[in-house]
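One file, protein-v6.pdb, is given below (PDB, C-alpha atoms).
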ATOM      1  CA  MET A   1    -190.059  42.101 113.294
ATOM      2  CA  ALA A   2    -187.802  44.725 111.801
ATOM      3  CA  ARG A   3    -184.504  43.454 110.549
ATOM      4  CA  LYS A   4    -181.420  44.746 112.224
ATOM      5  CA  LYS A   5    -179.532  47.159 110.055
ATOM      6  CA  ARG A   6    -176.135  45.841 109.107
ATOM      7  CA  GLN A   7    -173.344  47.908 110.458
ATOM      8  CA  PRO A   8    -171.367  49.391 107.566
ATOM      9  CA  LYS A   9    -167.825  48.108 107.347
ATOM     10  CA  PRO A  10    -165.359  50.586 108.763
ATOM     11  CA  PRO A  11    -163.229  52.095 106.015
ATOM     12  CA  ALA A  12    -159.971  50.230 105.504
ATOM     13  CA  GLU A  13    -156.885  51.750 107.032
ATOM     14  CA  PRO A  14    -154.300  52.993 104.573
ATOM     15  CA  ALA A  15    -151.805  50.380 103.444
ATOM     16  CA  LYS A  16    -148.441  50.659 105.205
ATOM     17  CA  ILE A  17    -145.062  49.123 104.468
ATOM     18  CA  PHE A  18    -142.981  47.285 107.066
ATOM     19  CA  GLU A  19    -139.653  45.526 107.195
ATOM     20  CA  ALA A  20    -140.210  41.770 107.171
ATOM     21  CA  GLU A  21    -138.489  38.464 107.841
ATOM     22  CA  LEU A  22    -139.479  34.889 107.196
ATOM     23  CA  ALA A  23    -140.202  32.836 110.304
ATOM     24  CA  SER A  24    -138.166  29.687 110.709
ATOM     25  CA  GLY A  25    -139.831  26.308 110.300
ATOM     26  CA  PRO A  26    -142.685  25.053 108.153
ATOM     27  CA  SER A  27    -145.346  27.687 108.940
ATOM     28  CA  GLY A  28    -144.434  30.055 106.087
ATOM     29  CA  ALA A  29    -145.219  32.954 108.447
ATOM     30  CA  VAL A  30    -143.986  36.464 107.731
ATOM     31  CA  LEU A  31    -142.738  38.493 110.703
ATOM     32  CA  ARG A  32    -143.503  42.198 110.559
ATOM     33  CA  GLY A  33    -140.836  44.659 111.743
ATOM     34  CA  VAL A  34    -140.777  48.445 111.854
ATOM     35  CA  GLU A  35    -142.748  50.656 109.489
ATOM     36  CA  ILE A  36    -140.761  52.093 106.582
ATOM     37  CA  ASP A  37    -141.527  54.467 103.723
ATOM     38  CA  MET A  38    -141.461  53.799  99.996
ATOM     39  CA  THR A  39    -137.815  54.830  99.629
ATOM     40  CA  GLY A  40    -136.796  52.575 102.494
ATOM     41  CA  ALA A  41    -138.834  49.733 101.046
ATOM     42  CA  ILE A  42    -137.186  49.998  97.642
ATOM     43  CA  ALA A  43    -133.729  50.170  99.237
ATOM     44  CA  ARG A  44    -134.548  47.095 101.268
ATOM     45  CA  ARG A  45    -135.752  45.157  98.236
ATOM     46  CA  GLN A  46    -132.669  46.237  96.278
ATOM     47  CA  ALA A  47    -130.616  44.706  99.058
ATOM     48  CA  GLY A  48    -132.525  41.419  98.670
ATOM     49  CA  GLU A  49    -134.458  41.809 101.933
ATOM     50  CA  ASN A  50    -138.172  41.266 102.567
ATOM     51  CA  ILE A  51    -140.946  43.813 103.072
ATOM     52  CA  VAL A  52    -144.633  43.374 103.868
ATOM     53  CA  VAL A  53    -147.593  45.653 103.159
ATOM     54  CA  CYS A  54    -150.269  45.573 105.851
ATOM     55  CA  GLY A  55    -153.428  47.229 107.047
ATOM     56  CA  GLY A  56    -155.178  48.260 103.840
ATOM     57  CA  SER A  57    -157.682  46.487 101.658
ATOM     58  CA  LEU A  58    -156.443  43.558  99.591
ATOM     59  CA  ARG A  59    -156.180  45.683  96.481
ATOM     60  CA  ALA A  60    -154.445  48.566  98.259
ATOM     61  CA  ASN A  61    -151.933  46.226  99.869
ATOM     62  CA  ARG A  62    -151.314  44.405  96.619
ATOM     63  CA  GLN A  63    -150.909  47.609  94.596
ATOM     64  CA  LEU A  64    -148.415  49.031  97.057
ATOM     65  CA  ALA A  65    -146.373  45.815  97.172
ATOM     66  CA  GLN A  66    -146.433  45.721  93.381
ATOM     67  CA  SER A  67    -145.226  49.342  93.176
ATOM     68  CA  VAL A  68    -142.255  48.540  95.389
ATOM     69  CA  GLU A  69    -141.327  45.424  93.432
ATOM     70  CA  SER A  70    -141.728  47.079  90.031
ATOM     71  CA  ALA A  71    -139.148  49.673  91.062
ATOM     72  CA  ILE A  72    -136.533  46.902  91.236
ATOM     73  CA  GLY A  73    -137.079  45.137  87.904
ATOM     74  CA  PRO A  74    -139.262  42.591  86.075
ATOM     75  CA  TYR A  75    -141.248  40.714  88.687
ATOM     76  CA  GLU A  76    -143.784  37.955  89.156
ATOM     77  CA  ARG A  77    -146.528  37.129  91.612
ATOM     78  CA  GLN A  78    -146.684  34.063  93.833
ATOM     79  CA  VAL A  79    -149.498  32.892  96.063
ATOM     80  CA  PRO A  80    -149.348  30.623  99.111
ATOM     81  CA  HIS A  81    -148.869  26.901  98.718
ATOM     82  CA  ASP A  82    -149.988  25.739 102.080
ATOM     83  CA  GLU A  83    -151.773  22.465 101.683
ATOM     84  CA  LEU A  84    -150.009  21.038 104.727
ATOM     85  CA  ALA A  85    -146.961  23.151 105.550
ATOM     86  CA  GLY A  86    -147.047  26.938 105.253
ATOM     87  CA  PRO A  87    -150.506  27.795 106.647
ATOM     88  CA  LEU A  88    -149.387  31.327 107.505
ATOM     89  CA  ALA A  89    -147.743  32.176 104.177
ATOM     90  CA  LEU A  90    -148.611  35.419 102.398
ATOM     91  CA  PRO A  91    -148.924  36.171  98.700
ATOM     92  CA  HIS A  92    -146.036  38.168  97.329
ATOM     93  CA  PHE A  93    -144.188  39.698  94.416
ATOM     94  CA  GLN A  94    -140.591  38.777  93.716
ATOM     95  CA  GLN A  95    -138.031  39.349  91.020
ATOM     96  CA  GLY A  96    -138.070  37.220  87.886
ATOM     97  CA  ASP A  97    -134.303  36.966  88.184
ATOM     98  CA  ARG A  98    -134.028  34.579  91.117
ATOM     99  CA  ALA A  99    -130.503  35.762  91.879
ATOM    100  CA  PHE A 100    -132.361  38.697  93.466
ATOM    101  CA  ARG A 101    -133.504  37.424  96.832
ATOM    102  CA  GLY A 102    -136.389  38.605  98.994
ATOM    103  CA  HIS A 103    -140.077  39.262  98.549
ATOM    104  CA  ALA A 104    -142.664  42.043  98.678
ATOM    105  CA  PHE A 105    -145.407  40.341 100.719
ATOM    106  CA  TYR A 106    -148.930  41.669 101.145
ATOM    107  CA  GLU A 107    -151.732  40.904 103.567
ATOM    108  CA  THR A 108    -155.176  39.748 102.469
ATOM    109  CA  GLU A 109    -158.488  39.644 104.342
ATOM    110  CA  ASN A 110    -157.633  36.213 105.734
ATOM    111  CA  ARG A 111    -153.858  36.159 105.852
ATOM    112  CA  ARG A 112    -151.895  38.438 108.130
ATOM    113  CA  ALA A 113    -148.273  39.028 108.986
ATOM    114  CA  ARG A 114    -147.181  38.298 112.535
ATOM    115  CA  THR A 115    -145.564  40.893 114.729
ATOM    116  CA  LYS A 116    -142.054  40.060 115.867
TER     117      LYS A 116
ATOM    118  CA  MET B   1    -149.556  18.780  87.400
ATOM    119  CA  LYS B   2    -153.282  18.112  87.558
ATOM    120  CA  TYR B   3    -154.260  20.877  89.969
ATOM    121  CA  PHE B   4    -151.594  23.594  89.901
ATOM    122  CA  THR B   5    -151.216  23.590  86.160
ATOM    123  CA  PRO B   6    -148.646  25.771  84.422
ATOM    124  CA  ASP B   7    -151.589  27.624  82.838
ATOM    125  CA  LEU B   8    -153.072  28.449  86.240
ATOM    126  CA  TYR B   9    -149.657  29.648  87.372
ATOM    127  CA  GLN B  10    -149.298  31.843  84.269
ATOM    128  CA  ARG B  11    -152.652  33.477  84.995
ATOM    129  CA  LEU B  12    -151.181  34.851  88.211
ATOM    130  CA  GLN B  13    -148.742  36.805  86.080
ATOM    131  CA  ASP B  14    -151.512  38.806  84.353
ATOM    132  CA  PHE B  15    -151.167  42.273  85.849
ATOM    133  CA  SER B  16    -153.441  44.006  83.307
ATOM    134  CA  SER B  17    -156.111  45.014  85.867
ATOM    135  CA  ASP B  18    -157.225  44.558  89.460
ATOM    136  CA  ALA B  19    -160.098  42.431  88.199
ATOM    137  CA  ALA B  20    -157.719  40.103  86.342
ATOM    138  CA  MET B  21    -155.504  39.794  89.411
ATOM    139  CA  ASP B  22    -158.515  39.119  91.677
ATOM    140  CA  ALA B  23    -159.805  36.477  89.264
ATOM    141  CA  ALA B  24    -156.447  34.700  89.067
ATOM    142  CA  GLU B  25    -156.141  34.653  92.849
ATOM    143  CA  ALA B  26    -159.685  33.331  93.232
ATOM    144  CA  ALA B  27    -159.025  30.616  90.652
ATOM    145  CA  TRP B  28    -155.852  29.557  92.448
ATOM    146  CA  GLU B  29    -157.603  29.553  95.810
ATOM    147  CA  GLY B  30    -160.389  27.348  94.455
ATOM    148  CA  VAL B  31    -157.886  24.828  93.116
ATOM    149  CA  ARG B  32    -155.833  24.988  96.312
ATOM    150  CA  ARG B  33    -158.892  24.044  98.398
ATOM    151  CA  ARG B  34    -159.817  21.170  96.102
ATOM    152  CA  TYR B  35    -156.260  19.860  96.194
ATOM    153  CA  GLN B  36    -156.119  20.263  99.972
ATOM    154  CA  ARG B  37    -159.225  18.059 100.356
ATOM    155  CA  TYR B  38    -157.755  15.506  97.955
ATOM    156  CA  LEU B  39    -154.390  15.460  99.734
ATOM    157  CA  ARG B  40    -155.988  15.032 103.155
ATOM    158  CA  ARG B  41    -157.790  11.933 101.908
ATOM    159  CA  LEU B  42    -154.646  10.572 100.281
ATOM    160  CA  PHE B  43    -152.277  11.483 103.099
ATOM    161  CA  PRO B  44    -152.670   8.397 105.347
ATOM    162  CA  THR B  45    -151.633   6.148 102.453
ATOM    163  CA  LEU B  46    -148.430   8.052 101.575
ATOM    164  CA  PRO B  47    -144.948   6.699 102.333
ATOM    165  CA  ARG B  48    -143.552   8.043 105.587
ATOM    166  CA  GLY B  49    -140.771  10.028 103.931
ATOM    167  CA  LEU B  50    -143.185  11.869 101.650
ATOM    168  CA  LYS B  51    -145.523  12.611 104.551
ATOM    169  CA  GLY B  52    -142.610  14.157 106.430
ATOM    170  CA  LEU B  53    -141.549  16.226 103.426
ATOM    171  CA  LEU B  54    -145.043  17.666 102.992
ATOM    172  CA  GLU B  55    -145.672  18.298 106.682
ATOM    173  CA  LYS B  56    -142.359  19.468 108.043
ATOM    174  CA  PHE B  57    -140.892  21.706 105.345
ATOM    175  CA  TYR B  58    -142.035  24.844 103.539
ATOM    176  CA  LEU B  59    -140.547  24.159 100.129
ATOM    177  CA  HIS B  60    -141.662  27.217  98.147
ATOM    178  CA  ASP B  61    -138.613  29.149  96.851
ATOM    179  CA  ALA B  62    -136.191  26.459  98.055
ATOM    180  CA  GLU B  63    -133.107  26.573  95.857
ATOM    181  CA  VAL B  64    -132.506  23.436  93.806
ATOM    182  CA  LEU B  65    -128.763  22.896  94.111
ATOM    183  CA  SER B  66    -128.567  19.672  92.121
ATOM    184  CA  MET B  67    -130.515  16.733  90.756
ATOM    185  CA  GLY B  68    -129.436  13.352  89.503
ATOM    186  CA  GLU B  69    -130.600   9.835  88.776
ATOM    187  CA  HIS B  70    -129.188   6.354  88.847
ATOM    188  CA  ASP B  71    -131.207   3.250  88.028
ATOM    189  CA  LYS B  72    -134.391   3.592  90.060
ATOM    190  CA  THR B  73    -133.109   6.382  92.266
ATOM    191  CA  PHE B  74    -133.641  10.105  91.772
ATOM    192  CA  VAL B  75    -131.950  12.604  94.066
ATOM    193  CA  MET B  76    -132.616  16.304  94.594
ATOM    194  CA  VAL B  77    -130.605  18.587  96.841
ATOM    195  CA  LEU B  78    -132.449  21.661  98.083
ATOM    196  CA  ARG B  79    -131.576  24.604 100.260
ATOM    197  CA  LEU B  80    -134.693  25.926 101.993
ATOM    198  CA  ASP B  81    -135.536  29.624 101.756
ATOM    199  CA  VAL B  82    -136.841  29.876 105.327
ATOM    200  CA  PRO B  83    -134.390  30.196 108.208
ATOM    201  CA  PRO B  84    -132.159  28.426 109.078
ATOM    202  CA  LYS B  85    -131.956  27.608 105.345
ATOM    203  CA  GLU B  86    -131.274  23.916 105.884
ATOM    204  CA  LEU B  87    -130.154  21.517 103.194
ATOM    205  CA  LEU B  88    -132.569  18.758 102.244
ATOM    206  CA  VAL B  89    -131.567  15.699 100.280
ATOM    207  CA  LEU B  90    -134.600  14.051  98.711
ATOM    208  CA  ASN B  91    -133.958  10.468  97.737
ATOM    209  CA  TYR B  92    -136.749   8.938  95.641
ATOM    210  CA  ARG B  93    -137.094   5.235  94.863
ATOM    211  CA  LEU B  94    -138.827   5.251  91.498
ATOM    212  CA  THR B  95    -141.159   2.812  89.811
ATOM    213  CA  LYS B  96    -140.637   4.410  86.385
ATOM    214  CA  PRO B  97    -137.921   6.642  84.933
ATOM    215  CA  VAL B  98    -138.245  10.323  85.834
ATOM    216  CA  VAL B  99    -140.046  12.476  83.258
ATOM    217  CA  ILE B 100    -138.837  16.045  82.844
ATOM    218  CA  ASN B 101    -140.799  18.487  80.729
ATOM    219  CA  ARG B 102    -138.323  21.294  80.132
ATOM    220  CA  ALA B 103    -140.922  23.619  78.625
ATOM    221  CA  ALA B 104    -143.779  23.399  81.115
ATOM    222  CA  LEU B 105    -143.749  27.142  81.742
ATOM    223  CA  PRO B 106    -143.394  29.607  78.878
ATOM    224  CA  SER B 107    -141.496  32.026  81.109
ATOM    225  CA  ARG B 108    -138.254  30.801  82.595
ATOM    226  CA  ASN B 109    -136.665  32.733  85.369
ATOM    227  CA  ALA B 110    -133.031  33.668  85.299
ATOM    228  CA  GLY B 111    -130.727  32.942  88.192
ATOM    229  CA  PRO B 112    -130.709  29.987  90.545
ATOM    230  CA  VAL B 113    -133.430  27.388  90.067
ATOM    231  CA  GLN B 114    -136.127  27.422  92.736
ATOM    232  CA  TRP B 115    -139.020  25.175  93.773
ATOM    233  CA  ILE B 116    -142.338  26.857  92.894
ATOM    234  CA  CYS B 117    -144.923  24.255  93.874
ATOM    235  CA  ASP B 118    -145.646  20.553  93.870
ATOM    236  CA  GLU B 119    -148.482  18.102  94.110
ATOM    237  CA  VAL B 120    -148.965  14.440  94.895
ATOM    238  CA  SER B 121    -151.456  12.250  93.105
ATOM    239  CA  GLN B 122    -152.403   8.641  92.964
ATOM    240  CA  VAL B 123    -153.484   6.821  89.836
ATOM    241  CA  ARG B 124    -155.520   3.694  90.403
ATOM    242  CA  GLY B 125    -154.828   1.090  87.797
ATOM    243  CA  ARG B 126    -153.766  -2.499  87.906
ATOM    244  CA  GLN B 127    -151.184  -1.290  90.379
ATOM    245  CA  ARG B 128    -151.557   1.813  92.497
ATOM    246  CA  SER B 129    -149.025   4.382  91.428
ATOM    247  CA  LEU B 130    -148.008   7.469  93.320
ATOM    248  CA  THR B 131    -146.718  10.551  91.562
ATOM    249  CA  HIS B 132    -144.913  13.607  92.909
ATOM    250  CA  SER B 133    -144.940  16.471  90.391
ATOM    251  CA  ILE B 134    -142.760  19.519  90.921
ATOM    252  CA  LEU B 135    -142.773  22.846  89.079
ATOM    253  CA  LEU B 136    -139.466  24.740  89.039
ATOM    254  CA  SER B 137    -138.623  28.358  88.278
ATOM    255  CA  ASN B 138    -136.580  27.420  85.192
ATOM    256  CA  GLY B 139    -139.819  26.273  83.564
ATOM    257  CA  TRP B 140    -139.336  22.553  84.205
ATOM    258  CA  GLU B 141    -141.961  20.162  85.442
ATOM    259  CA  ILE B 142    -140.540  17.038  87.046
ATOM    260  CA  THR B 143    -142.747  13.961  87.365
ATOM    261  CA  LEU B 144    -141.617  11.238  89.731
ATOM    262  CA  ASP B 145    -143.495   7.937  89.986
ATOM    263  CA  LEU B 146    -142.320   6.656  93.295
ATOM    264  CA  ALA B 147    -142.508   3.671  95.561
ATOM    265  CA  ASP B 148    -140.865   5.438  98.468
ATOM    266  CA  MET B 149    -138.688   8.408  99.352
ATOM    267  CA  LYS B 150    -136.414   9.545 102.130
ATOM    268  CA  VAL B 151    -135.496  13.001 103.330
ATOM    269  CA  VAL B 152    -132.180  13.875 104.936
ATOM    270  CA  ARG B 153    -131.889  17.326 106.513
ATOM    271  CA  ALA B 154    -128.597  19.002 107.365
ATOM    272  CA  GLN B 155    -127.201  22.346 108.369
ATOM    273  CA  THR B 156    -125.702  24.072 105.375
ATOM    274  CA  VAL B 157    -121.912  24.179 105.273
ATOM    275  CA  TYR B 158    -121.576  25.004 101.572
ATOM    276  CA  PRO B 159    -122.753  27.043  99.759
ATOM    277  CA  ALA B 160    -122.751  29.684 102.487
ATOM    278  CA  GLN B 161    -125.774  31.882 103.154
ATOM    279  CA  GLY B 162    -126.019  34.660 100.596
ATOM    280  CA  THR B 163    -124.256  32.531  97.990
ATOM    281  CA  SER B 164    -126.256  31.284  95.030
ATOM    282  CA  LEU B 165    -125.271  28.772  92.399
ATOM    283  CA  VAL B 166    -126.137  30.340  89.055
ATOM    284  CA  PRO B 167    -125.607  28.585  85.702
ATOM    285  CA  MET B 168    -122.780  30.339  83.827
ATOM    286  CA  THR B 169    -124.124  29.369  80.409
ATOM    287  CA  GLY B 170    -127.499  28.282  79.118
ATOM    288  CA  ASN B 171    -129.707  26.702  81.721
ATOM    289  CA  GLY B 172    -127.086  24.627  83.450
ATOM    290  CA  VAL B 173    -128.290  21.354  81.949
ATOM    291  CA  ALA B 174    -125.868  18.491  81.477
ATOM    292  CA  LYS B 175    -125.130  17.904  77.786
ATOM    293  CA  SER B 176    -126.239  14.295  77.936
ATOM    294  CA  LEU B 177    -129.742  14.469  79.342
ATOM    295  CA  PRO B 178    -131.590  11.267  80.071
ATOM    296  CA  ALA B 179    -133.571  10.129  77.032
ATOM    297  CA  HIS B 180    -136.922  10.495  78.763
ATOM    298  CA  THR B 181    -136.620  14.247  79.252
ATOM    299  CA  SER B 182    -138.445  16.399  76.776
ATOM    300  CA  ALA B 183    -138.773  19.985  75.639
ATOM    301  CA  ARG B 184    -142.478  19.709  74.918
TER     302      ARG B 184
END
Starting from the coordinates I provided, produce the structure as C-alpha cells.
Amino acid sequence: MARKKRQPKPPAEPAKIFEAELASGPSGAVLRGVEIDMTGAIARRQAGENIVVCGGSLRANRQLAQSVESAIGPYERQVPHDELAGPLALPHFQQGDRAFRGHAFYETENRRARTK
Amino acid sequence: MKYFTPDLYQRLQDFSSDAAMDAAEAAWEGVRRRYQRYLRRLFPTLPRGLKGLLEKFYLHDAEVLSMGEHDKTFVMVLRLDVPPKELLVLNYRLTKPVVINRAALPSRNAGPVQWICDEVSQVRGRQRSLTHSILLSNGWEITLDLADMKVVRAQTVYPAQGTSLVPMTGNGVAKSLPAHTSAR
C-alpha cells in the first residue's frame, strides 16, 4: 500500500511583538496585549514593562525578543523553571542590571502566551 | 545544585549562534525533565511547608529583600515578581548551618538580588537529609539542610510597588558574615 504523503508544514507566520503582563498566581503565564512595533517595544522595555514575541518560529521569536532587549543594555536569557509551579512560563531575555524591571518573552513550539 | 548547575545556567548566556542557543535550551530542558521526575517521586515525603512553597508560588525573579540566621533558623524575605507581588517569609528549621557559596556564578547581576532557580534533593545516609538549594542573581548559591520550613504570605506594605532595595556599596553583605559562608 502506498504511504500517505506527509503534508508539508505551513510556513511559520512572521514573528510579532505584543504588550505583555504577568498573570497573577503560580502559573507563570504571560498575558498578551495589543500588537506593537519595534519602537513601541523598546520604549516599553525602557519603562520596565513586559513584551512578548509570538507567532513565528522559535528562532524568529527569540531573535526578535533578543533585538528588543539588546537595545536597552546588557542582557541575559532565562528559561522556565516550572517543575511544579509555573507550567505556563515562557523563556525570556531581561536586563543584567536587575534594577531594570520587565522581560522580553518569546513563544516556543510548546509554550504560548495567553490572550487577555 | 545537582541539576540546575551554575555551568548549565551560564550556557544559556552563550549568544554566539542560533545553534549554541538551541543547544543550551535543549540541555536545560533535558535536565528540567529529569529533575521534574525526581521531584515528583520525592514530593510526597517533603515537609508540608516546602510542598506549599513549591506548588503555590512562582518564585523566579522574586526579589530577595533580606536573609538572616539564628541558631537553627534561617529566614528569607521575598517579594514575588508576579502580581499581586506578595511578600513571602520563608522560615527554615535547619539541621546544619547554612552554606553560602558567594561565587557560584561568574557573572553577578547589579541591582536588587533576585531568585533565579532552586532545587530540592534528598541524601540517604545514616539519617535522611533534605536540602533546598537556591541560586540568586548576585551569584550566590545558598544550601539549606532542613528539617522543616514554614511560609508566611502577606500583602506588601513596604517597600511599595516600583520600589527596589539596591545595595549602595559593594554587594550589600554584612561585614561579619557567618563563618560557614565561602567565596569559592
Residue hits in chain A, query chain B, radius 7 Å, all atoms listed in the file, as a list in words: Leu22, Ala23, Ser24, Gly25, Pro26, Ser27, Gly28, Glu76, Arg77, His81, Glu83, Leu84, Ala85, Gly86, Gly96, Asp97, Arg98 and Ala99 of chain A
CA of Phe74 in chain B to CA of Gln122 in chain B, distance in Å rounded to a single decimal: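 Interatomic distance, CA of Phe74 in chain B to CA of Gln122 in chain B: 18.9 Å.
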Straight-line distance linking CA of Lys2 in chain B with CA of Leu144 in chain B, stated in Å to one decimal: 13.7 Å
The PyMOL selection byres ((chain A and resi 18) around 8) resolved against shown file, as a list of chain:residue names: A:Lys16, A:Ile17, A:Glu19, A:Ala20, A:Arg32, A:Gly33, A:Val34, A:Glu35, A:Ile36, A:Ala41, A:Ile51, A:Val52, A:Val53, A:Cys54
Selected residue, from B:Val89, B:Leu8, B:Ala104, B:Leu135, that lies nearest to Ala23 in chain B when counting all atoms listed in the file: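 With all atoms listed in the file as the atom set, the closest residue is B:Leu8.
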Output of the PyMOL selection byres ((chain A and resi 69) around 12), listed as an NGL selection string: :A and (38-39 or 41-46 or 48-53 or 62-68 or 70-77 or 92-96 or 100-106)
I need the residues from that last selection saved to file as a JSON list (two decimals), in the coordinates of the input (with C-alpha atoms), if you can.
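result.json, written as the output of this step:
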[["chain", "number", "residue", "atom", "x", "y", "z"],
["A", 38, "MET", "CA", -141.46, 53.80, 100.00],
["A", 39, "THR", "CA", -137.82, 54.83, 99.63],
["A", 41, "ALA", "CA", -138.83, 49.73, 101.05],
["A", 42, "ILE", "CA", -137.19, 50.00, 97.64],
["A", 43, "ALA", "CA", -133.73, 50.17, 99.24],
["A", 44, "ARG", "CA", -134.55, 47.10, 101.27],
["A", 45, "ARG", "CA", -135.75, 45.16, 98.24],
["A", 46, "GLN", "CA", -132.67, 46.24, 96.28],
["A", 48, "GLY", "CA", -132.52, 41.42, 98.67],
["A", 49, "GLU", "CA", -134.46, 41.81, 101.93],
["A", 50, "ASN", "CA", -138.17, 41.27, 102.57],
["A", 51, "ILE", "CA", -140.95, 43.81, 103.07],
["A", 52, "VAL", "CA", -144.63, 43.37, 103.87],
["A", 53, "VAL", "CA", -147.59, 45.65, 103.16],
["A", 62, "ARG", "CA", -151.31, 44.40, 96.62],
["A", 63, "GLN", "CA", -150.91, 47.61, 94.60],
["A", 64, "LEU", "CA", -148.42, 49.03, 97.06],
["A", 65, "ALA", "CA", -146.37, 45.82, 97.17],
["A", 66, "GLN", "CA", -146.43, 45.72, 93.38],
["A", 67, "SER", "CA", -145.23, 49.34, 93.18],
["A", 68, "VAL", "CA", -142.26, 48.54, 95.39],
["A", 70, "SER", "CA", -141.73, 47.08, 90.03],
["A", 71, "ALA", "CA", -139.15, 49.67, 91.06],
["A", 72, "ILE", "CA", -136.53, 46.90, 91.24],
["A", 73, "GLY", "CA", -137.08, 45.14, 87.90],
["A", 74, "PRO", "CA", -139.26, 42.59, 86.08],
["A", 75, "TYR", "CA", -141.25, 40.71, 88.69],
["A", 76, "GLU", "CA", -143.78, 37.96, 89.16],
["A", 77, "ARG", "CA", -146.53, 37.13, 91.61],
["A", 92, "HIS", "CA", -146.04, 38.17, 97.33],
["A", 93, "PHE", "CA", -144.19, 39.70, 94.42],
["A", 94, "GLN", "CA", -140.59, 38.78, 93.72],
["A", 95, "GLN", "CA", -138.03, 39.35, 91.02],
["A", 96, "GLY", "CA", -138.07, 37.22, 87.89],
["A", 100, "PHE", "CA", -132.36, 38.70, 93.47],
["A", 101, "ARG", "CA", -133.50, 37.42, 96.83],
["A", 102, "GLY", "CA", -136.39, 38.60, 98.99],
["A", 103, "HIS", "CA", -140.08, 39.26, 98.55],
["A", 104, "ALA", "CA", -142.66, 42.04, 98.68],
["A", 105, "PHE", "CA", -145.41, 40.34, 100.72],
["A", 106, "TYR", "CA", -148.93, 41.67, 101.14]]
Contacts of range 13-15 of chain A within 6 Å, all atoms listed in the file, excl. fewer than 5 positions in-chain, as a ChimeraX atom specification: /A:54-56,61
Pick from B:Val64, B:Leu105, B:Leu87, B:Val120 nearest to Thr156 in chain B, counting all atoms listed in the file: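 Result for the nearest residue to Thr156 in chain B: B:Leu87.
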Distance of CA of Thr5 in chain B from CA of Arg59 in chain A, expressed in Å to one decimal place: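 Separating CA of Arg59 in chain A from CA of Thr5 in chain B is a distance of 24.9 Å.
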The PyMOL selection byres ((chain B and resi 147) around 12) resolved against shown file, as a PyMOL selection string: chain B and resi 45-50+72-74+91-97+122+127-132+144-146+148-150
Minimum-distance residue to Tyr158 in chain B, chosen among B:Arg79, B:Ile134, B:Trp115, B:Ile142 (using all atoms listed in the file): B:Arg79
Enclose the full set of atoms of range 78-87 of chain B listed in the file within a box whose edges lie along x, y and z, apply 8 Å of padding to each of the six sides, and report centre and edge lengths in Å to one decimal as AutoDock Vina command-line options.
--center_x -133.5 --center_y 25.9 --center_z 103.6 --size_x 22.7 --size_y 24.7 --size_z 27.0
